[in-house]
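Content type PDB, C-alpha atoms, pLDDT in the B column, from the file start37.pdb:
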```
ATOM      1  CA  MET A   9     109.950 101.309  95.455  1.00 40.00           C
ATOM      2  CA  ASP A  10     107.906 104.416  94.785  1.00 45.00           C
ATOM      3  CA  VAL A  11     106.379 105.668  98.060  1.00 45.00           C
ATOM      4  CA  SER A  12     103.254 106.893  96.267  1.00 45.00           C
ATOM      5  CA  GLU A  13     102.432 103.358  95.150  1.00 50.00           C
ATOM      6  CA  PRO A  14     100.515 102.243  98.296  1.00 60.00           C
ATOM      7  CA  ALA A  15      98.460 105.444  98.211  1.00 65.00           C
ATOM      8  CA  SER A  16      97.568 104.944  94.557  1.00 71.00           C
ATOM      9  CA  ILE A  17      96.681 101.309  95.196  1.00 78.00           C
ATOM     10  CA  SER A  18      94.385 102.364  98.061  1.00 80.00           C
ATOM     11  CA  SER A  19      92.889 105.072  95.900  1.00 84.00           C
ATOM     12  CA  GLY A  20      92.237 102.608  93.084  1.00 89.00           C
ATOM     13  CA  ILE A  21      90.557 100.143  95.436  1.00 92.00           C
ATOM     14  CA  ALA A  22      88.434 102.919  96.952  1.00 93.00           C
ATOM     15  CA  GLU A  23      87.459 104.189  93.503  1.00 94.00           C
ATOM     16  CA  ARG A  24      86.101 100.783  92.464  1.00 95.00           C
ATOM     17  CA  TYR A  25      84.035 100.337  95.637  1.00 96.00           C
ATOM     18  CA  ALA A  26      82.831 103.961  95.471  1.00 96.00           C
ATOM     19  CA  ALA A  27      81.821 103.674  91.809  1.00 96.00           C
ATOM     20  CA  ALA A  28      79.821 100.514  92.458  1.00 96.00           C
ATOM     21  CA  LEU A  29      78.122 101.873  95.584  1.00 97.00           C
ATOM     22  CA  PHE A  30      77.381 105.246  93.950  1.00 97.00           C
ATOM     23  CA  SER A  31      75.965 103.605  90.824  1.00 96.00           C
ATOM     24  CA  LEU A  32      73.731 101.297  92.853  1.00 95.00           C
ATOM     25  CA  SER A  33      72.476 104.145  95.044  1.00 96.00           C
ATOM     26  CA  LYS A  34      71.827 106.347  92.018  1.00 95.00           C
ATOM     27  CA  GLU A  35      69.839 103.579  90.289  1.00 96.00           C
ATOM     28  CA  GLU A  36      67.724 103.162  93.428  1.00 95.00           C
ATOM     29  CA  GLY A  37      67.248 106.932  93.784  1.00 95.00           C
ATOM     30  CA  ALA A  38      68.925 106.783  97.175  1.00 95.00           C
ATOM     31  CA  LEU A  39      71.745 109.310  96.842  1.00 95.00           C
ATOM     32  CA  ASP A  40      70.425 111.308  99.811  1.00 95.00           C
ATOM     33  CA  THR A  41      70.542 108.163 101.955  1.00 97.00           C
ATOM     34  CA  LEU A  42      74.055 107.406 100.703  1.00 97.00           C
ATOM     35  CA  GLU A  43      75.160 110.943 101.529  1.00 95.00           C
ATOM     36  CA  ARG A  44      73.775 110.648 105.053  1.00 96.00           C
ATOM     37  CA  ASP A  45      75.494 107.281 105.523  1.00 97.00           C
ATOM     38  CA  VAL A  46      78.813 108.653 104.250  1.00 96.00           C
ATOM     39  CA  ASP A  47      78.597 111.636 106.605  1.00 93.00           C
ATOM     40  CA  ASP A  48      77.723 109.351 109.528  1.00 95.00           C
ATOM     41  CA  LEU A  49      80.630 107.023 108.730  1.00 96.00           C
ATOM     42  CA  ALA A  50      83.055 109.931 108.461  1.00 93.00           C
ATOM     43  CA  GLN A  51      81.881 111.267 111.810  1.00 92.00           C
ATOM     44  CA  ALA A  52      82.178 107.836 113.419  1.00 94.00           C
ATOM     45  CA  LEU A  53      85.746 107.438 112.120  1.00 93.00           C
ATOM     46  CA  SER A  54      86.611 110.890 113.384  1.00 88.00           C
ATOM     47  CA  ASP A  55      85.071 110.318 116.820  1.00 90.00           C
ATOM     48  CA  SER A  56      86.193 106.749 117.500  1.00 93.00           C
ATOM     49  CA  ASP A  57      89.840 105.808 117.837  1.00 93.00           C
ATOM     50  CA  GLU A  58      88.724 102.192 118.265  1.00 94.00           C
ATOM     51  CA  LEU A  59      86.945 102.157 114.907  1.00 94.00           C
ATOM     52  CA  SER A  60      89.935 103.751 113.233  1.00 92.00           C
ATOM     53  CA  GLU A  61      92.227 101.150 114.786  1.00 94.00           C
ATOM     54  CA  LEU A  62      89.878  98.345 113.714  1.00 93.00           C
ATOM     55  CA  ILE A  63      90.019  99.306 110.050  1.00 93.00           C
ATOM     56  CA  HIS A  64      93.768  99.957 109.960  1.00 91.00           C
ATOM     57  CA  SER A  65      95.254  97.303 112.234  1.00 90.00           C
ATOM     58  CA  PRO A  66      96.351  94.001 110.677  1.00 89.00           C
ATOM     59  CA  VAL A  67      96.136  92.423 114.144  1.00 92.00           C
ATOM     60  CA  TYR A  68      92.391  91.887 113.841  1.00 92.00           C
ATOM     61  CA  SER A  69      91.301  88.791 111.959  1.00 92.00           C
ATOM     62  CA  ARG A  70      89.024  88.907 108.959  1.00 93.00           C
ATOM     63  CA  ASP A  71      86.174  87.464 111.054  1.00 94.00           C
ATOM     64  CA  THR A  72      86.696  89.967 113.867  1.00 94.00           C
ATOM     65  CA  GLN A  73      86.695  92.873 111.418  1.00 94.00           C
ATOM     66  CA  SER A  74      83.591  91.547 109.658  1.00 94.00           C
ATOM     67  CA  ALA A  75      81.669  91.058 112.907  1.00 95.00           C
ATOM     68  CA  ALA A  76      82.721  94.428 114.305  1.00 95.00           C
ATOM     69  CA  ILE A  77      81.997  96.500 111.191  1.00 96.00           C
ATOM     70  CA  GLY A  78      78.677  94.675 110.766  1.00 95.00           C
ATOM     71  CA  ALA A  79      77.695  95.527 114.338  1.00 95.00           C
ATOM     72  CA  VAL A  80      78.762  99.152 113.883  1.00 95.00           C
ATOM     73  CA  ALA A  81      76.824  99.463 110.608  1.00 96.00           C
ATOM     74  CA  GLU A  82      73.740  97.911 112.187  1.00 95.00           C
ATOM     75  CA  LYS A  83      73.926 100.175 115.257  1.00 96.00           C
ATOM     76  CA  MET A  84      74.379 103.255 113.057  1.00 96.00           C
ATOM     77  CA  GLY A  85      71.371 102.273 110.940  1.00 97.00           C
ATOM     78  CA  LEU A  86      73.313 102.402 107.674  1.00 97.00           C
ATOM     79  CA  SER A  87      71.485 101.472 104.488  1.00 96.00           C
ATOM     80  CA  THR A  88      71.677  97.934 103.134  1.00 96.00           C
ATOM     81  CA  PRO A  89      73.968  98.777 100.173  1.00 96.00           C
ATOM     82  CA  VAL A  90      76.452 100.503 102.496  1.00 97.00           C
ATOM     83  CA  ARG A  91      76.304  97.640 105.006  1.00 97.00           C
ATOM     84  CA  ASN A  92      76.844  95.111 102.226  1.00 96.00           C
ATOM     85  CA  THR A  93      79.788  97.101 100.850  1.00 96.00           C
ATOM     86  CA  LEU A  94      81.385  97.300 104.304  1.00 97.00           C
ATOM     87  CA  ALA A  95      80.867  93.559 104.781  1.00 95.00           C
ATOM     88  CA  LEU A  96      82.465  92.839 101.404  1.00 96.00           C
ATOM     89  CA  MET A  97      85.383  95.137 102.196  1.00 96.00           C
ATOM     90  CA  ALA A  98      85.888  93.376 105.536  1.00 95.00           C
ATOM     91  CA  SER A  99      85.790  89.932 103.922  1.00 94.00           C
ATOM     92  CA  LYS A 100      88.450  91.043 101.429  1.00 94.00           C
ATOM     93  CA  ARG A 101      90.560  92.777 104.159  1.00 93.00           C
ATOM     94  CA  ARG A 102      90.003  96.144 102.469  1.00 94.00           C
ATOM     95  CA  LEU A 103      88.564  98.182 105.353  1.00 94.00           C
ATOM     96  CA  PHE A 104      91.786 100.225 105.447  1.00 93.00           C
ATOM     97  CA  VAL A 105      90.541 102.120 102.354  1.00 95.00           C
ATOM     98  CA  LEU A 106      87.391 103.327 104.137  1.00 96.00           C
ATOM     99  CA  PRO A 107      88.666 106.940 104.538  1.00 94.00           C
ATOM    100  CA  ALA A 108      89.515 107.054 100.810  1.00 93.00           C
ATOM    101  CA  LEU A 109      86.117 105.510  99.990  1.00 96.00           C
ATOM    102  CA  ILE A 110      84.375 108.223 102.017  1.00 95.00           C
ATOM    103  CA  ALA A 111      86.342 110.940 100.205  1.00 91.00           C
ATOM    104  CA  GLN A 112      85.565 109.412  96.795  1.00 93.00           C
ATOM    105  CA  LEU A 113      81.857 109.100  97.549  1.00 95.00           C
ATOM    106  CA  ARG A 114      81.682 112.673  98.847  1.00 91.00           C
ATOM    107  CA  ASP A 115      83.286 113.913  95.635  1.00 89.00           C
ATOM    108  CA  MET A 116      80.938 111.854  93.461  1.00 93.00           C
ATOM    109  CA  ILE A 117      77.829 113.002  95.335  1.00 93.00           C
ATOM    110  CA  ALA A 118      78.952 116.640  95.243  1.00 89.00           C
ATOM    111  CA  GLU A 119      79.615 116.392  91.499  1.00 88.00           C
ATOM    112  CA  GLU A 120      76.173 114.871  90.930  1.00 93.00           C
ATOM    113  CA  LYS A 121      74.532 117.683  92.915  1.00 90.00           C
ATOM    114  CA  GLY A 122      76.610 120.416  91.279  1.00 88.00           C
ATOM    115  CA  GLU A 123      78.359 121.168  94.559  1.00 90.00           C
ATOM    116  CA  VAL A 124      81.933 121.507  95.596  1.00 89.00           C
ATOM    117  CA  THR A 125      83.197 120.230  98.934  1.00 87.00           C
ATOM    118  CA  ALA A 126      85.268 122.375 101.262  1.00 90.00           C
ATOM    119  CA  ASP A 127      87.253 120.823 104.108  1.00 91.00           C
ATOM    120  CA  VAL A 128      87.284 123.292 106.975  1.00 94.00           C
ATOM    121  CA  THR A 129      89.416 122.946 110.098  1.00 95.00           C
ATOM    122  CA  SER A 130      88.753 125.399 112.896  1.00 94.00           C
ATOM    123  CA  ALA A 131      90.138 125.944 116.379  1.00 92.00           C
ATOM    124  CA  VAL A 132      86.642 125.716 117.880  1.00 93.00           C
ATOM    125  CA  GLU A 133      83.348 124.232 116.698  1.00 92.00           C
ATOM    126  CA  LEU A 134      81.649 126.547 114.198  1.00 93.00           C
ATOM    127  CA  THR A 135      78.133 127.746 114.954  1.00 95.00           C
ATOM    128  CA  ASP A 136      75.382 127.221 112.387  1.00 94.00           C
ATOM    129  CA  ALA A 137      75.501 130.943 111.557  1.00 96.00           C
ATOM    130  CA  GLN A 138      79.279 130.783 110.987  1.00 95.00           C
ATOM    131  CA  ARG A 139      78.923 127.682 108.823  1.00 95.00           C
ATOM    132  CA  SER A 140      76.224 129.354 106.744  1.00 95.00           C
ATOM    133  CA  ALA A 141      78.223 132.570 106.330  1.00 95.00           C
ATOM    134  CA  LEU A 142      81.341 130.623 105.336  1.00 94.00           C
ATOM    135  CA  ALA A 143      79.400 128.511 102.828  1.00 94.00           C
ATOM    136  CA  ASP A 144      77.881 131.671 101.304  1.00 95.00           C
ATOM    137  CA  THR A 145      81.279 133.358 101.065  1.00 94.00           C
ATOM    138  CA  LEU A 146      82.847 130.312  99.430  1.00 93.00           C
ATOM    139  CA  LYS A 147      79.891 129.984  97.053  1.00 93.00           C
ATOM    140  CA  SER A 148      80.448 133.559  95.863  1.00 93.00           C
ATOM    141  CA  LYS A 149      84.123 132.744  95.215  1.00 90.00           C
ATOM    142  CA  VAL A 150      83.760 129.381  93.449  1.00 89.00           C
ATOM    143  CA  GLY A 151      80.396 129.954  91.778  1.00 89.00           C
ATOM    144  CA  ARG A 152      78.838 126.691  92.979  1.00 90.00           C
ATOM    145  CA  ASP A 153      77.070 125.477  96.077  1.00 91.00           C
ATOM    146  CA  VAL A 154      79.550 124.500  98.767  1.00 91.00           C
ATOM    147  CA  LYS A 155      79.198 121.658 101.233  1.00 88.00           C
ATOM    148  CA  LEU A 156      81.352 122.007 104.328  1.00 91.00           C
ATOM    149  CA  ASN A 157      83.175 119.123 105.990  1.00 88.00           C
ATOM    150  CA  THR A 158      84.235 120.563 109.308  1.00 90.00           C
ATOM    151  CA  LYS A 159      86.575 119.359 111.997  1.00 90.00           C
ATOM    152  CA  VAL A 160      88.116 120.936 115.069  1.00 90.00           C
ATOM    153  CA  ASP A 161      91.853 121.208 115.773  1.00 92.00           C
ATOM    154  CA  ALA A 162      92.547 123.187 118.945  1.00 90.00           C
ATOM    155  CA  GLY A 163      96.207 123.346 117.871  1.00 90.00           C
ATOM    156  CA  LEU A 164      95.264 126.038 115.346  1.00 92.00           C
ATOM    157  CA  ILE A 165      94.804 128.381 118.337  1.00 91.00           C
ATOM    158  CA  GLY A 166      92.368 130.480 116.271  1.00 91.00           C
ATOM    159  CA  GLY A 167      91.235 131.037 112.697  1.00 90.00           C
ATOM    160  CA  LEU A 168      90.494 128.542 109.940  1.00 93.00           C
ATOM    161  CA  VAL A 169      92.140 126.313 107.385  1.00 94.00           C
ATOM    162  CA  VAL A 170      89.898 125.911 104.325  1.00 95.00           C
ATOM    163  CA  ARG A 171      90.592 123.562 101.410  1.00 92.00           C
ATOM    164  CA  VAL A 172      88.492 123.719  98.269  1.00 90.00           C
ATOM    165  CA  GLY A 173      89.835 121.395  95.620  1.00 81.00           C
ATOM    166  CA  SER A 174      93.537 122.137  95.240  1.00 83.00           C
ATOM    167  CA  LYS A 175      93.289 125.566  96.880  1.00 90.00           C
ATOM    168  CA  MET A 176      94.025 126.124 100.551  1.00 92.00           C
ATOM    169  CA  ILE A 177      93.411 129.220 102.651  1.00 91.00           C
ATOM    170  CA  ASP A 178      95.150 129.181 106.032  1.00 92.00           C
ATOM    171  CA  THR A 179      94.163 131.991 108.390  1.00 91.00           C
ATOM    172  CA  SER A 180      95.086 130.118 111.553  1.00 91.00           C
ATOM    173  CA  ILE A 181      97.039 131.747 114.346  1.00 91.00           C
ATOM    174  CA  ARG A 182      99.405 128.762 114.295  1.00 91.00           C
ATOM    175  CA  SER A 183     100.461 129.465 110.696  1.00 90.00           C
ATOM    176  CA  LYS A 184     100.808 133.183 111.379  1.00 90.00           C
ATOM    177  CA  LEU A 185     103.048 132.441 114.364  1.00 90.00           C
ATOM    178  CA  ALA A 186     105.125 130.070 112.235  1.00 89.00           C
ATOM    179  CA  SER A 187     105.498 132.775 109.556  1.00 89.00           C
ATOM    180  CA  LEU A 188     106.533 135.291 112.196  1.00 90.00           C
ATOM    181  CA  GLN A 189     109.044 132.822 113.627  1.00 90.00           C
ATOM    182  CA  ASN A 190     110.546 132.242 110.175  1.00 90.00           C
ATOM    183  CA  ALA A 191     110.775 135.983 109.552  1.00 88.00           C
ATOM    184  CA  MET A 192     112.534 136.472 112.880  1.00 89.00           C
ATOM    185  CA  LYS A 193     115.059 133.744 112.012  1.00 89.00           C
ATOM    186  CA  GLU A 194     115.883 135.500 108.755  1.00 86.00           C
ATOM    187  CA  VAL A 195     116.505 138.800 110.564  1.00 81.00           C
ATOM    188  CA  GLY A 196     118.563 137.371 113.422  1.00 63.00           C
TER     189      GLY A 196
END
```

In structure tokens, what does this structure look like?
Amino acid sequence: MDVSEPASISSGIAERYAAALFSLSKEEGALDTLERDVDDLAQALSDSDELSELIHSPVYSRDTQSAAIGAVAEKMGLSTPVRNTLALMASKRRLFVLPALIAQLRDMIAEEKGEVTADVTSAVELTDAQRSALADTLKSKVGRDVKLNTKVDAGLIGGLVVRVGSKMIDTSIRSKLASLQNAMKEVG
């Protein structure tokens, strides 16, 4: 069995849901609302281990997943199309593709707006001024507006890891220490 098969299956499922949700939101002129909902969902998944477990664990029944994701969507104030999509995904036992759905929707929205998305991991939370300066710097390099998706990983010790499309820039202390360690192994 090819190990990439489950990932491509998940990606294909996410693409179909994302295309339908994006198309519906675009027709309704609600892409800004969709973008807000996607960002809120991504943040909720990042912040809540329980939500992440709910969507990935096969232990939860279809009804439990449906009720839980419905309650979460309601509490978060997500738009009706997003709530309906989440309910459909839960009824079909497809909530496990939610991270891929979020990524697909972010890409589609960015493409529609003429933006490119940069995933930024930092050792500490970036200030608004740092975020703005980084976005401006990246914009000058890629020639398009850049939307930042940021997350914090204290394990980096310091610096940043920035991914824009297939390019990655790693200025973290952790990677520099690893490079130094490898160089020392070669010498000794």

Please evaluate the PyMOL selection byres ((chain A and resi 64) around 12) against the displayed coordinates and give the resulting residues as a list of chain:residue names. A:Leu53, A:Asp57, A:Glu58, A:Leu59, A:Ser60, A:Glu61, A:Leu62, A:Ile63, A:Ser65, A:Pro66, A:Val67, A:Tyr68, A:Ser69, A:Gln73, A:Ala98, A:Arg101, A:Arg102, A:Leu103, A:Phe104, A:Val105, A:Leu106, A:Pro107

Which residue out of A:Leu156, A:Val150, A:Ile21, A:Leu29 has the minimum interatomic distance to A:Thr88 when all atoms listed in the file are used? A:Leu29

Nearest to A:Leu94 by atom-to-atom distance, counting only C-alpha atoms, from A:Ile165, A:Ala111, A:Ile177, A:Ala75: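 When distances to A:Leu94 are compared using only C-alpha atoms, the smallest one comes from A:Ala75.
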
Between atom CA of A:Leu113 and atom CA of A:Ala26, what is the distance, to one decimal in Å?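 Interatomic distance here is 5.6 Å.
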
Could you write out as a count of residues only the residues that the PyMOL selection byres ((chain A and resi 118) around 12) matches in the shown file? 27

What's the 10 Å shell around A:Lys184, counting only C-alpha atoms, without same-chain residues fewer than 6 positions away, as a list in words?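 Skipping anything fewer than 6 positions along the chain leaves Leu164, Gly167, Asp178 and Asn190 of chain A.
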
Take atom CA of A:Ser56 and atom CA of A:Ala22 and report the distance between them in Å, one decimal.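 Here the two named atoms are 21.0 Å from each other.
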
Fewer than 6 positions away in the same chain doesn't count, so skip those; otherwise give me all residues within 7 Å of stretch 127-140 of chain A, counting only C-alpha atoms, as a ChimeraX atom specification. /A:156-172

I need the chosen residues saved as a PDB file, in the coordinates of the input, with C-alpha atoms.
```
ATOM      1  CA  LEU A 156      81.352 122.007 104.328  1.00 91.00           C
ATOM      2  CA  ASN A 157      83.175 119.123 105.990  1.00 88.00           C
ATOM      3  CA  THR A 158      84.235 120.563 109.308  1.00 90.00           C
ATOM      4  CA  LYS A 159      86.575 119.359 111.997  1.00 90.00           C
ATOM      5  CA  VAL A 160      88.116 120.936 115.069  1.00 90.00           C
ATOM      6  CA  ASP A 161      91.853 121.208 115.773  1.00 92.00           C
ATOM      7  CA  ALA A 162      92.547 123.187 118.945  1.00 90.00           C
ATOM      8  CA  GLY A 163      96.207 123.346 117.871  1.00 90.00           C
ATOM      9  CA  LEU A 164      95.264 126.038 115.346  1.00 92.00           C
ATOM     10  CA  ILE A 165      94.804 128.381 118.337  1.00 91.00           C
ATOM     11  CA  GLY A 166      92.368 130.480 116.271  1.00 91.00           C
ATOM     12  CA  GLY A 167      91.235 131.037 112.697  1.00 90.00           C
ATOM     13  CA  LEU A 168      90.494 128.542 109.940  1.00 93.00           C
ATOM     14  CA  VAL A 169      92.140 126.313 107.385  1.00 94.00           C
ATOM     15  CA  VAL A 170      89.898 125.911 104.325  1.00 95.00           C
ATOM     16  CA  ARG A 171      90.592 123.562 101.410  1.00 92.00           C
ATOM     17  CA  VAL A 172      88.492 123.719  98.269  1.00 90.00           C
TER      18      VAL A 172
END
```

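Taking all atoms listed in the file into account, A:Arg44 lies nearest to A:Ile110 out of the set A:Ile110, A:Ser99, A:Ser19, A:Ala76.
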
Grab the atom CA of A:Ser174 to atom CA of A:Lys34 distance for me, in Å with one decimal place. 27.0 Å

Proximity to A:Glu35 - best of A:Leu49, A:Asp71, A:Leu109, A:Pro89, all atoms listed in the file: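 The closest residue to A:Glu35 is A:Pro89.
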
When you count only C-alpha atoms, which of these residues is closest to A:Leu146: A:Leu188, A:Met176, A:Ala52, A:Ala38?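 Counting only C-alpha atoms, the residue closest to A:Leu146 is A:Met176.
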